[in-house]
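Text of data-v1.pdb, listed as PDB, N, CA, C and O atoms:
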MODEL        1
ATOM      1  N   MET S 250       0.841  -1.189   0.000
ATOM      2  CA  MET S 250       0.000   0.000   0.000
ATOM      3  C   MET S 250       0.878   1.241   0.000
ATOM      4  O   MET S 250       1.846   1.340   0.735
ATOM      5  N   ALA S 251       0.545   2.209  -0.815
ATOM      6  CA  ALA S 251       1.336   3.429  -0.925
ATOM      7  C   ALA S 251       1.159   4.293   0.315
ATOM      8  O   ALA S 251       0.069   4.359   0.893
ATOM      9  N   SER S 252       2.231   4.934   0.723
ATOM     10  CA  SER S 252       2.169   5.858   1.849
ATOM     11  C   SER S 252       1.455   7.127   1.412
ATOM     12  O   SER S 252       1.544   7.542   0.256
ATOM     13  N   SER S 253       0.763   7.756   2.346
ATOM     14  CA  SER S 253       0.112   9.025   2.030
ATOM     15  C   SER S 253       1.168  10.113   1.891
ATOM     16  O   SER S 253       2.310   9.965   2.334
ATOM     17  N   LEU S 254       0.779  11.193   1.273
ATOM     18  CA  LEU S 254       1.680  12.330   1.116
ATOM     19  C   LEU S 254       2.146  12.831   2.482
ATOM     20  O   LEU S 254       3.325  13.131   2.669
ATOM     21  N   ALA S 255       1.242  12.901   3.437
ATOM     22  CA  ALA S 255       1.598  13.356   4.783
ATOM     23  C   ALA S 255       2.626  12.431   5.423
ATOM     24  O   ALA S 255       3.564  12.892   6.083
ATOM     25  N   GLU S 256       2.473  11.122   5.222
ATOM     26  CA  GLU S 256       3.431  10.163   5.779
ATOM     27  C   GLU S 256       4.790  10.291   5.097
ATOM     28  O   GLU S 256       5.827  10.247   5.766
ATOM     29  N   ARG S 257       4.796  10.451   3.785
ATOM     30  CA  ARG S 257       6.062  10.598   3.067
ATOM     31  C   ARG S 257       6.766  11.887   3.464
ATOM     32  O   ARG S 257       7.985  11.916   3.644
ATOM     33  N   PHE S 258       5.989  12.976   3.620
ATOM     34  CA  PHE S 258       6.565  14.244   4.052
ATOM     35  C   PHE S 258       7.162  14.104   5.450
ATOM     36  O   PHE S 258       8.299  14.516   5.690
ATOM     37  N   GLY S 259       6.414  13.519   6.361
ATOM     38  CA  GLY S 259       6.886  13.336   7.730
ATOM     39  C   GLY S 259       8.139  12.485   7.800
ATOM     40  O   GLY S 259       9.067  12.783   8.558
ATOM     41  N   GLU S 260       8.182  11.428   7.005
ATOM     42  CA  GLU S 260       9.363  10.564   6.971
ATOM     43  C   GLU S 260      10.587  11.334   6.476
ATOM     44  O   GLU S 260      11.686  11.188   7.018
ATOM     45  N   CYS S 261      10.380  12.171   5.470
ATOM     46  CA  CYS S 261      11.480  12.978   4.943
ATOM     47  C   CYS S 261      11.977  13.968   5.996
ATOM     48  O   CYS S 261      13.182  14.107   6.199
ATOM     49  N   VAL S 262      11.062  14.634   6.673
ATOM     50  CA  VAL S 262      11.442  15.589   7.721
ATOM     51  C   VAL S 262      12.204  14.873   8.827
ATOM     52  O   VAL S 262      13.250  15.348   9.286
ATOM     53  N   ARG S 263      11.709  13.711   9.250
ATOM     54  CA  ARG S 263      12.384  12.950  10.300
ATOM     55  C   ARG S 263      13.815  12.586   9.878
ATOM     56  O   ARG S 263      14.757  12.740  10.650
ATOM     57  N   GLN S 264      13.956  12.108   8.658
ATOM     58  CA  GLN S 264      15.277  11.706   8.177
ATOM     59  C   GLN S 264      16.232  12.894   8.121
ATOM     60  O   GLN S 264      17.375  12.803   8.568
ATOM     61  N   LEU S 265      15.772  14.013   7.595
ATOM     62  CA  LEU S 265      16.615  15.205   7.511
ATOM     63  C   LEU S 265      16.969  15.732   8.905
ATOM     64  O   LEU S 265      18.098  16.157   9.145
ATOM     65  N   ARG S 266      15.996  15.683   9.821
ATOM     66  CA  ARG S 266      16.248  16.145  11.194
ATOM     67  C   ARG S 266      17.283  15.265  11.882
ATOM     68  O   ARG S 266      18.224  15.767  12.499
ATOM     69  N   THR S 267      17.128  13.957  11.754
ATOM     70  CA  THR S 267      18.082  13.051  12.410
ATOM     71  C   THR S 267      19.458  13.131  11.742
ATOM     72  O   THR S 267      20.470  13.045  12.429
ATOM     73  N   ASP S 268      19.480  13.309  10.419
ATOM     74  CA  ASP S 268      20.761  13.493   9.722
ATOM     75  C   ASP S 268      21.488  14.737  10.231
ATOM     76  O   ASP S 268      22.718  14.778  10.260
ATOM     77  N   ALA S 269      20.706  15.755  10.624
ATOM     78  CA  ALA S 269      21.284  16.988  11.164
ATOM     79  C   ALA S 269      21.675  16.850  12.632
ATOM     80  O   ALA S 269      22.234  17.775  13.223
ATOM     81  N   GLY S 270      21.361  15.688  13.231
ATOM     82  CA  GLY S 270      21.719  15.449  14.624
ATOM     83  C   GLY S 270      20.838  16.169  15.626
ATOM     84  O   GLY S 270      21.268  16.442  16.744
ATOM     85  N   LEU S 271      19.604  16.454  15.238
ATOM     86  CA  LEU S 271      18.693  17.196  16.101
ATOM     87  C   LEU S 271      17.621  16.282  16.686
ATOM     88  O   LEU S 271      17.049  15.449  15.970
ATOM     89  N   SER S 272      17.338  16.458  17.963
ATOM     90  CA  SER S 272      16.190  15.777  18.566
ATOM     91  C   SER S 272      14.933  16.549  18.166
ATOM     92  O   SER S 272      15.013  17.688  17.674
ATOM     93  N   GLN S 273      13.772  15.948  18.398
ATOM     94  CA  GLN S 273      12.527  16.664  18.121
ATOM     95  C   GLN S 273      12.415  17.916  18.983
ATOM     96  O   GLN S 273      11.928  18.946  18.515
ATOM     97  N   VAL S 274      12.873  17.831  20.217
ATOM     98  CA  VAL S 274      12.808  18.993  21.112
ATOM     99  C   VAL S 274      13.697  20.118  20.582
ATOM    100  O   VAL S 274      13.266  21.275  20.501
ATOM    101  N   GLU S 275      14.927  19.786  20.218
ATOM    102  CA  GLU S 275      15.841  20.804  19.675
ATOM    103  C   GLU S 275      15.296  21.412  18.383
ATOM    104  O   GLU S 275      15.342  22.624  18.190
ATOM    105  N   PHE S 276      14.780  20.550  17.517
ATOM    106  CA  PHE S 276      14.239  21.035  16.254
ATOM    107  C   PHE S 276      12.991  21.882  16.487
ATOM    108  O   PHE S 276      12.801  22.909  15.834
ATOM    109  N   GLY S 277      12.171  21.474  17.443
ATOM    110  CA  GLY S 277      10.994  22.258  17.790
ATOM    111  C   GLY S 277      11.361  23.649  18.279
ATOM    112  O   GLY S 277      10.723  24.637  17.905
ATOM    113  N   GLU S 278      12.390  23.729  19.098
ATOM    114  CA  GLU S 278      12.853  25.037  19.581
ATOM    115  C   GLU S 278      13.373  25.881  18.428
ATOM    116  O   GLU S 278      13.129  27.084  18.376
ATOM    117  N   ARG S 279      14.059  25.250  17.514
ATOM    118  CA  ARG S 279      14.595  25.960  16.348
ATOM    119  C   ARG S 279      13.465  26.517  15.478
ATOM    120  O   ARG S 279      13.575  27.620  14.933
ATOM    121  N   CYS S 280      12.389  25.752  15.363
ATOM    122  CA  CYS S 280      11.275  26.140  14.500
ATOM    123  C   CYS S 280      10.200  26.955  15.217
ATOM    124  O   CYS S 280       9.372  27.596  14.577
ATOM    125  N   GLY S 281      10.182  26.877  16.543
ATOM    126  CA  GLY S 281       9.135  27.549  17.297
ATOM    127  C   GLY S 281       7.865  26.719  17.397
ATOM    128  O   GLY S 281       6.774  27.263  17.582
ATOM    129  N   PHE S 282       7.995  25.386  17.265
ATOM    130  CA  PHE S 282       6.864  24.462  17.356
ATOM    131  C   PHE S 282       7.017  23.577  18.582
ATOM    132  O   PHE S 282       8.125  23.286  19.007
ATOM    133  N   TYR S 283       5.904  23.104  19.091
ATOM    134  CA  TYR S 283       5.945  22.123  20.164
ATOM    135  C   TYR S 283       6.449  20.795  19.612
ATOM    136  O   TYR S 283       6.159  20.427  18.466
ATOM    137  N   GLN S 284       7.154  20.044  20.434
ATOM    138  CA  GLN S 284       7.663  18.730  20.044
ATOM    139  C   GLN S 284       6.516  17.807  19.652
ATOM    140  O   GLN S 284       6.636  17.012  18.719
ATOM    141  N   THR S 285       5.395  17.922  20.339
ATOM    142  CA  THR S 285       4.254  17.050  20.030
ATOM    143  C   THR S 285       3.723  17.308  18.618
ATOM    144  O   THR S 285       3.316  16.364  17.929
ATOM    145  N   TYR S 286       3.731  18.561  18.181
ATOM    146  CA  TYR S 286       3.285  18.898  16.822
ATOM    147  C   TYR S 286       4.253  18.300  15.804
ATOM    148  O   TYR S 286       3.823  17.698  14.810
ATOM    149  N   LEU S 287       5.552  18.427  16.045
ATOM    150  CA  LEU S 287       6.541  17.842  15.134
ATOM    151  C   LEU S 287       6.406  16.332  15.087
ATOM    152  O   LEU S 287       6.531  15.725  14.014
ATOM    153  N   SER S 288       6.139  15.719  16.209
ATOM    154  CA  SER S 288       5.948  14.276  16.245
ATOM    155  C   SER S 288       4.764  13.874  15.366
ATOM    156  O   SER S 288       4.843  12.903  14.599
ATOM    157  N   ARG S 289       3.684  14.614  15.464
ATOM    158  CA  ARG S 289       2.508  14.318  14.645
ATOM    159  C   ARG S 289       2.796  14.515  13.164
ATOM    160  O   ARG S 289       2.324  13.736  12.326
ATOM    161  N   ILE S 290       3.592  15.525  12.817
ATOM    162  CA  ILE S 290       3.987  15.732  11.416
ATOM    163  C   ILE S 290       4.823  14.560  10.940
ATOM    164  O   ILE S 290       4.568  13.984   9.875
ATOM    165  N   GLU S 291       5.817  14.176  11.728
ATOM    166  CA  GLU S 291       6.721  13.096  11.336
ATOM    167  C   GLU S 291       6.006  11.754  11.216
ATOM    168  O   GLU S 291       6.445  10.895  10.456
ATOM    169  N   CYS S 292       4.923  11.582  11.939
ATOM    170  CA  CYS S 292       4.141  10.334  11.855
ATOM    171  C   CYS S 292       3.063  10.396  10.781
ATOM    172  O   CYS S 292       2.348   9.412  10.564
ATOM    173  N   GLY S 293       2.926  11.546  10.122
ATOM    174  CA  GLY S 293       1.910  11.693   9.090
ATOM    175  C   GLY S 293       0.521  11.919   9.629
ATOM    176  O   GLY S 293      -0.467  11.764   8.919
ATOM    177  N   LYS S 294       0.434  12.306  10.906
ATOM    178  CA  LYS S 294      -0.864  12.516  11.552
ATOM    179  C   LYS S 294      -1.321  13.969  11.515
ATOM    180  O   LYS S 294      -2.477  14.257  11.779
ATOM    181  N   ALA S 295      -0.412  14.892  11.210
ATOM    182  CA  ALA S 295      -0.758  16.311  11.132
ATOM    183  C   ALA S 295      -0.579  16.768   9.687
ATOM    184  O   ALA S 295       0.238  16.225   8.944
ATOM    185  N   ASN S 296      -1.353  17.742   9.303
ATOM    186  CA  ASN S 296      -1.301  18.295   7.959
ATOM    187  C   ASN S 296      -0.838  19.751   8.077
ATOM    188  O   ASN S 296      -1.660  20.650   8.208
ATOM    189  N   PRO S 297       0.492  19.983   8.048
ATOM    190  CA  PRO S 297       0.993  21.341   8.278
ATOM    191  C   PRO S 297       0.611  22.296   7.155
ATOM    192  O   PRO S 297       0.466  21.882   6.006
ATOM    193  N   THR S 298       0.461  23.559   7.510
ATOM    194  CA  THR S 298       0.172  24.598   6.518
ATOM    195  C   THR S 298       1.427  24.866   5.696
ATOM    196  O   THR S 298       2.537  24.453   6.065
ATOM    197  N   LEU S 299       1.262  25.594   4.611
ATOM    198  CA  LEU S 299       2.423  25.979   3.800
ATOM    199  C   LEU S 299       3.397  26.821   4.615
ATOM    200  O   LEU S 299       4.615  26.677   4.483
ATOM    201  N   ASN S 300       2.876  27.688   5.474
ATOM    202  CA  ASN S 300       3.749  28.501   6.321
ATOM    203  C   ASN S 300       4.553  27.622   7.269
ATOM    204  O   ASN S 300       5.747  27.846   7.478
ATOM    205  N   ALA S 301       3.914  26.601   7.853
ATOM    206  CA  ALA S 301       4.621  25.689   8.752
ATOM    207  C   ALA S 301       5.671  24.887   7.985
ATOM    208  O   ALA S 301       6.773  24.655   8.486
ATOM    209  N   ILE S 302       5.347  24.470   6.765
ATOM    210  CA  ILE S 302       6.306  23.729   5.945
ATOM    211  C   ILE S 302       7.518  24.601   5.638
ATOM    212  O   ILE S 302       8.656  24.125   5.673
ATOM    213  N   GLU S 303       7.292  25.871   5.384
ATOM    214  CA  GLU S 303       8.407  26.788   5.120
ATOM    215  C   GLU S 303       9.288  26.943   6.360
ATOM    216  O   GLU S 303      10.519  26.945   6.266
ATOM    217  N   VAL S 304       8.682  27.026   7.533
ATOM    218  CA  VAL S 304       9.439  27.133   8.787
ATOM    219  C   VAL S 304      10.273  25.866   8.995
ATOM    220  O   VAL S 304      11.445  25.932   9.376
ATOM    221  N   ILE S 305       9.675  24.710   8.731
ATOM    222  CA  ILE S 305      10.396  23.437   8.863
ATOM    223  C   ILE S 305      11.565  23.391   7.902
ATOM    224  O   ILE S 305      12.683  23.032   8.283
ATOM    225  N   ALA S 306      11.331  23.765   6.657
ATOM    226  CA  ALA S 306      12.409  23.775   5.657
ATOM    227  C   ALA S 306      13.531  24.690   6.105
ATOM    228  O   ALA S 306      14.713  24.302   6.076
ATOM    229  N   ASN S 307      13.200  25.894   6.538
ATOM    230  CA  ASN S 307      14.218  26.837   6.993
ATOM    231  C   ASN S 307      14.974  26.303   8.196
ATOM    232  O   ASN S 307      16.185  26.491   8.314
ATOM    233  N   GLY S 308      14.271  25.616   9.093
ATOM    234  CA  GLY S 308      14.907  25.014  10.264
ATOM    235  C   GLY S 308      15.906  23.932   9.880
ATOM    236  O   GLY S 308      16.827  23.632  10.630
ATOM    237  N   LEU S 309      15.697  23.343   8.712
ATOM    238  CA  LEU S 309      16.612  22.319   8.197
ATOM    239  C   LEU S 309      17.684  22.917   7.285
ATOM    240  O   LEU S 309      18.503  22.193   6.734
ATOM    241  N   GLY S 310      17.645  24.255   7.118
ATOM    242  CA  GLY S 310      18.612  24.919   6.258
ATOM    243  C   GLY S 310      18.296  24.765   4.777
ATOM    244  O   GLY S 310      19.195  24.851   3.937
ATOM    245  N   LEU S 311      17.019  24.558   4.464
ATOM    246  CA  LEU S 311      16.584  24.365   3.085
ATOM    247  C   LEU S 311      15.508  25.377   2.724
ATOM    248  O   LEU S 311      14.901  25.987   3.593
ATOM    249  N   THR S 312      15.270  25.512   1.424
ATOM    250  CA  THR S 312      14.095  26.249   0.984
ATOM    251  C   THR S 312      12.943  25.252   0.932
ATOM    252  O   THR S 312      13.160  24.035   0.934
ATOM    253  N   ILE S 313      11.743  25.751   0.852
ATOM    254  CA  ILE S 313      10.583  24.873   0.756
ATOM    255  C   ILE S 313      10.681  24.011  -0.511
ATOM    256  O   ILE S 313      10.317  22.837  -0.523
ATOM    257  N   PHE S 314      11.233  24.576  -1.580
ATOM    258  CA  PHE S 314      11.374  23.838  -2.838
ATOM    259  C   PHE S 314      12.396  22.720  -2.701
ATOM    260  O   PHE S 314      12.189  21.614  -3.210
ATOM    261  N   ASP S 315      13.506  23.011  -2.006
ATOM    262  CA  ASP S 315      14.514  21.972  -1.759
ATOM    263  C   ASP S 315      13.931  20.829  -0.940
ATOM    264  O   ASP S 315      14.213  19.659  -1.200
ATOM    265  N   LEU S 316      13.129  21.170   0.060
ATOM    266  CA  LEU S 316      12.516  20.150   0.903
ATOM    267  C   LEU S 316      11.603  19.245   0.083
ATOM    268  O   LEU S 316      11.666  18.019   0.188
ATOM    269  N   PHE S 317      10.775  19.836  -0.773
ATOM    270  CA  PHE S 317       9.898  19.027  -1.611
ATOM    271  C   PHE S 317      10.689  18.197  -2.617
ATOM    272  O   PHE S 317      10.329  17.056  -2.908
ATOM    273  N   ASP S 318      11.778  18.764  -3.145
ATOM    274  CA  ASP S 318      12.627  17.991  -4.067
ATOM    275  C   ASP S 318      13.228  16.780  -3.365
ATOM    276  O   ASP S 318      13.294  15.696  -3.936
ATOM    277  N   ARG S 319      13.676  16.954  -2.130
ATOM    278  CA  ARG S 319      14.237  15.833  -1.366
ATOM    279  C   ARG S 319      13.178  14.774  -1.103
ATOM    280  O   ARG S 319      13.449  13.584  -1.193
ATOM    281  N   MET S 320      11.979  15.219  -0.784
ATOM    282  CA  MET S 320      10.906  14.280  -0.521
ATOM    283  C   MET S 320      10.558  13.499  -1.775
ATOM    284  O   MET S 320      10.365  12.289  -1.732
ATOM    285  N   ARG S 321      10.533  14.174  -2.899
ATOM    286  CA  ARG S 321      10.167  13.534  -4.164
ATOM    287  C   ARG S 321      11.255  12.593  -4.659
ATOM    288  O   ARG S 321      10.968  11.545  -5.228
ATOM    289  N   ALA S 322      12.516  12.944  -4.398
ATOM    290  CA  ALA S 322      13.639  12.164  -4.904
ATOM    291  C   ALA S 322      13.809  10.841  -4.161
ATOM    292  O   ALA S 322      14.327   9.885  -4.714
ATOM    293  N   GLU S 323      13.377  10.794  -2.923
ATOM    294  CA  GLU S 323      13.533   9.597  -2.108
ATOM    295  C   GLU S 323      12.213   8.838  -2.056
ATOM    296  O   GLU S 323      11.252   9.331  -1.477
ATOM    297  N   PRO S 324      12.152   7.634  -2.648
ATOM    298  CA  PRO S 324      10.886   6.895  -2.617
ATOM    299  C   PRO S 324      10.514   6.527  -1.186
ATOM    300  O   PRO S 324      11.383   6.361  -0.336
ATOM    301  N   ALA S 325       9.239   6.414  -0.951
ATOM    302  CA  ALA S 325       8.765   6.035   0.376
ATOM    303  C   ALA S 325       9.316   4.666   0.744
ATOM    304  O   ALA S 325       9.279   3.735  -0.050
ATOM    305  N   ARG S 326       9.842   4.529   1.942
ATOM    306  CA  ARG S 326      10.439   3.267   2.381
ATOM    307  C   ARG S 326       9.438   2.124   2.401
ATOM    308  O   ARG S 326       9.784   0.986   2.202
ATOM    309  N   ALA S 327       8.181   2.452   2.628
ATOM    310  CA  ALA S 327       7.153   1.408   2.662
ATOM    311  C   ALA S 327       6.963   0.757   1.303
ATOM    312  O   ALA S 327       6.470  -0.349   1.209
ATOM    313  N   ASN S 328       7.366   1.446   0.246
ATOM    314  CA  ASN S 328       7.193   0.909  -1.092
ATOM    315  C   ASN S 328       8.400   0.163  -1.593
ATOM    316  O   ASN S 328       8.390  -0.358  -2.695
ATOM    317  N   GLU S 329       9.479   0.114  -0.841
ATOM    318  CA  GLU S 329      10.710  -0.527  -1.304
ATOM    319  C   GLU S 329      10.636  -2.014  -1.103
ATOM    320  O   GLU S 329       9.998  -2.547  -0.268
TER
ENDMDL
END
Taking this structure as input, can you express it in the form of structure tokens?
Amino acid sequence: MASSLAERFGECVRQLRTDAGLSQVEFGERCGFYQTYLSRIECGKANPTLNAIEVIANGLGLTIFDLFDRMRAEPARANE
């Protein structure tokens, strides 16, 4: 079964965050979001706004376009 867009986005954010060596708490502080909200995004349970996606991208040192390119370039692990 294909992963939803929200799940694929969350998986990409989680991977980029962990690659950067950041905990959810540290990343939340960097972005100005609660850790619980980031957890819900990473699990595909929250549907962030475009503004929130831009904040997440910036927190990862990316533009929103770079973030979407990374998400698109990496196939969902559930489909491998």
Inset, instruction - Calculate how many Å separate atom CA of S:Gly277 from atom O of S:Arg257, rounding to one decimal. - result: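 A separation of 17.8 Å between them.
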Legend entry - Separation of atom N of S:Ser272 from atom CA of S:Leu316 in Å: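 Computing the Euclidean distance for atom CA of S:Leu316 and atom N of S:Ser272 yields 18.1 Å.
Of the residues in stretch 283-314 of chain S, those given alpha helix (DSSP H) by DSSP on the backbone are Gln284, Thr285, Tyr286, Leu287, Ser288, Arg289, Ile290, Glu291, Leu299, Asn300, Ala301, Ile302, Glu303, Val304, Ile305, Ala306, Asn307, Gly308, Ile313 and Phe314 of chain S.
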Long-range neighbours of stretch 285-302 of chain S as a PDB file with N, CA, C and O atoms, in the coordinates of the input, 4.5 Å cut-off, all atoms listed in the file, 2 positions minimum in chain:
ATOM      1  N   ALA S 255       1.242  12.901   3.437  1.00  0.00           N
ATOM      2  CA  ALA S 255       1.598  13.356   4.783  1.00  0.00           C
ATOM      3  C   ALA S 255       2.626  12.431   5.423  1.00  0.00           C
ATOM      4  O   ALA S 255       3.564  12.892   6.083  1.00  0.00           O
ATOM      5  N   GLU S 256       2.473  11.122   5.222  1.00  0.00           N
ATOM      6  CA  GLU S 256       3.431  10.163   5.779  1.00  0.00           C
ATOM      7  C   GLU S 256       4.790  10.291   5.097  1.00  0.00           C
ATOM      8  O   GLU S 256       5.827  10.247   5.766  1.00  0.00           O
ATOM      9  N   GLY S 259       6.414  13.519   6.361  1.00  0.00           N
ATOM     10  CA  GLY S 259       6.886  13.336   7.730  1.00  0.00           C
ATOM     11  C   GLY S 259       8.139  12.485   7.800  1.00  0.00           C
ATOM     12  O   GLY S 259       9.067  12.783   8.558  1.00  0.00           O
ATOM     13  N   GLU S 260       8.182  11.428   7.005  1.00  0.00           N
ATOM     14  CA  GLU S 260       9.363  10.564   6.971  1.00  0.00           C
ATOM     15  C   GLU S 260      10.587  11.334   6.476  1.00  0.00           C
ATOM     16  O   GLU S 260      11.686  11.188   7.018  1.00  0.00           O
ATOM     17  N   TYR S 283       5.904  23.104  19.091  1.00  0.00           N
ATOM     18  CA  TYR S 283       5.945  22.123  20.164  1.00  0.00           C
ATOM     19  C   TYR S 283       6.449  20.795  19.612  1.00  0.00           C
ATOM     20  O   TYR S 283       6.159  20.427  18.466  1.00  0.00           O
ATOM     21  N   VAL S 304       8.682  27.026   7.533  1.00  0.00           N
ATOM     22  CA  VAL S 304       9.439  27.133   8.787  1.00  0.00           C
ATOM     23  C   VAL S 304      10.273  25.866   8.995  1.00  0.00           C
ATOM     24  O   VAL S 304      11.445  25.932   9.376  1.00  0.00           O
ATOM     25  N   ILE S 305       9.675  24.710   8.731  1.00  0.00           N
ATOM     26  CA  ILE S 305      10.396  23.437   8.863  1.00  0.00           C
ATOM     27  C   ILE S 305      11.565  23.391   7.902  1.00  0.00           C
ATOM     28  O   ILE S 305      12.683  23.032   8.283  1.00  0.00           O
ATOM     29  N   ALA S 306      11.331  23.765   6.657  1.00  0.00           N
ATOM     30  CA  ALA S 306      12.409  23.775   5.657  1.00  0.00           C
ATOM     31  C   ALA S 306      13.531  24.690   6.105  1.00  0.00           C
ATOM     32  O   ALA S 306      14.713  24.302   6.076  1.00  0.00           O
TER      33      ALA S 306
END
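Interatomic distance, atom O of S:Phe314 against atom N of S:Ala269: 17.3 Å.
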Inset, instruction - Name the closest residue to S:Arg266 among the candidates S:Cys280, S:Leu309, S:Leu254, S:Met320; distances are taken between atoms, counting only C-alpha atoms. - result: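 Closest to S:Arg266 of all the choices is S:Leu309.
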Since the input has fewer atoms than a full residue there, write stretch 314-321 of chain S out with all heavy atoms, as a CSV table (one decimal), keeping the file's coordinate frame.
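Below is the file that was written, out.csv:
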chain,number,residue,atom,x,y,z
S,314,PHE,N,11.2,24.6,-1.6
S,314,PHE,CA,11.4,23.8,-2.8
S,314,PHE,C,12.4,22.7,-2.7
S,314,PHE,O,12.2,21.6,-3.2
S,314,PHE,CB,11.7,24.8,-4.0
S,314,PHE,CG,10.8,25.9,-4.1
S,314,PHE,CD1,11.1,27.2,-3.7
S,314,PHE,CD2,9.5,25.7,-4.6
S,314,PHE,CE1,10.2,28.2,-3.9
S,314,PHE,CE2,8.6,26.7,-4.8
S,314,PHE,CZ,8.9,28.0,-4.4
S,315,ASP,N,13.5,23.0,-2.0
S,315,ASP,CA,14.5,22.0,-1.8
S,315,ASP,C,13.9,20.8,-0.9
S,315,ASP,O,14.2,19.7,-1.2
S,315,ASP,CB,15.7,22.5,-1.0
S,315,ASP,CG,16.5,23.5,-1.9
S,315,ASP,OD1,16.5,23.4,-3.1
S,315,ASP,OD2,17.2,24.4,-1.3
S,316,LEU,N,13.1,21.2,0.1
S,316,LEU,CA,12.5,20.2,0.9
S,316,LEU,C,11.6,19.2,0.1
S,316,LEU,O,11.7,18.0,0.2
S,316,LEU,CB,11.7,20.8,2.1
S,316,LEU,CG,11.0,19.9,3.0
S,316,LEU,CD1,11.9,18.8,3.6
S,316,LEU,CD2,10.3,20.7,4.1
S,317,PHE,N,10.8,19.8,-0.8
S,317,PHE,CA,9.9,19.0,-1.6
S,317,PHE,C,10.7,18.2,-2.6
S,317,PHE,O,10.3,17.1,-2.9
S,317,PHE,CB,8.9,19.9,-2.3
S,317,PHE,CG,7.7,20.3,-1.4
S,317,PHE,CD1,7.4,21.6,-1.3
S,317,PHE,CD2,7.0,19.4,-0.7
S,317,PHE,CE1,6.3,22.1,-0.5
S,317,PHE,CE2,5.9,19.8,0.1
S,317,PHE,CZ,5.6,21.1,0.2
S,318,ASP,N,11.8,18.8,-3.1
S,318,ASP,CA,12.6,18.0,-4.1
S,318,ASP,C,13.2,16.8,-3.4
S,318,ASP,O,13.3,15.7,-3.9
S,318,ASP,CB,13.7,18.9,-4.6
S,318,ASP,CG,13.3,19.8,-5.7
S,318,ASP,OD1,12.1,19.6,-6.3
S,318,ASP,OD2,14.0,20.8,-6.1
S,319,ARG,N,13.7,17.0,-2.1
S,319,ARG,CA,14.2,15.8,-1.4
S,319,ARG,C,13.2,14.8,-1.1
S,319,ARG,O,13.4,13.6,-1.2
S,319,ARG,CB,14.8,16.3,0.0
S,319,ARG,CG,15.9,17.3,-0.1
S,319,ARG,CD,17.3,16.7,0.1
S,319,ARG,NE,18.3,17.7,0.0
S,319,ARG,CZ,19.1,18.0,1.0
S,319,ARG,NH1,19.0,17.4,2.1
S,319,ARG,NH2,20.0,19.0,0.8
S,320,MET,N,12.0,15.2,-0.8
S,320,MET,CA,10.9,14.3,-0.5
S,320,MET,C,10.6,13.5,-1.8
S,320,MET,O,10.4,12.3,-1.7
S,320,MET,CB,9.7,15.0,0.0
S,320,MET,CG,8.6,14.1,0.4
S,320,MET,SD,7.1,15.1,0.9
S,320,MET,CE,6.3,15.2,-0.7
S,321,ARG,N,10.5,14.2,-2.9
S,321,ARG,CA,10.2,13.5,-4.2
S,321,ARG,C,11.3,12.6,-4.7
S,321,ARG,O,11.0,11.5,-5.2
S,321,ARG,CB,9.9,14.6,-5.2
S,321,ARG,CG,9.3,14.1,-6.5
S,321,ARG,CD,9.0,15.2,-7.4
S,321,ARG,NE,10.1,16.1,-7.6
S,321,ARG,CZ,10.2,17.1,-8.4
S,321,ARG,NH1,9.1,17.4,-9.1
S,321,ARG,NH2,11.2,17.8,-8.5
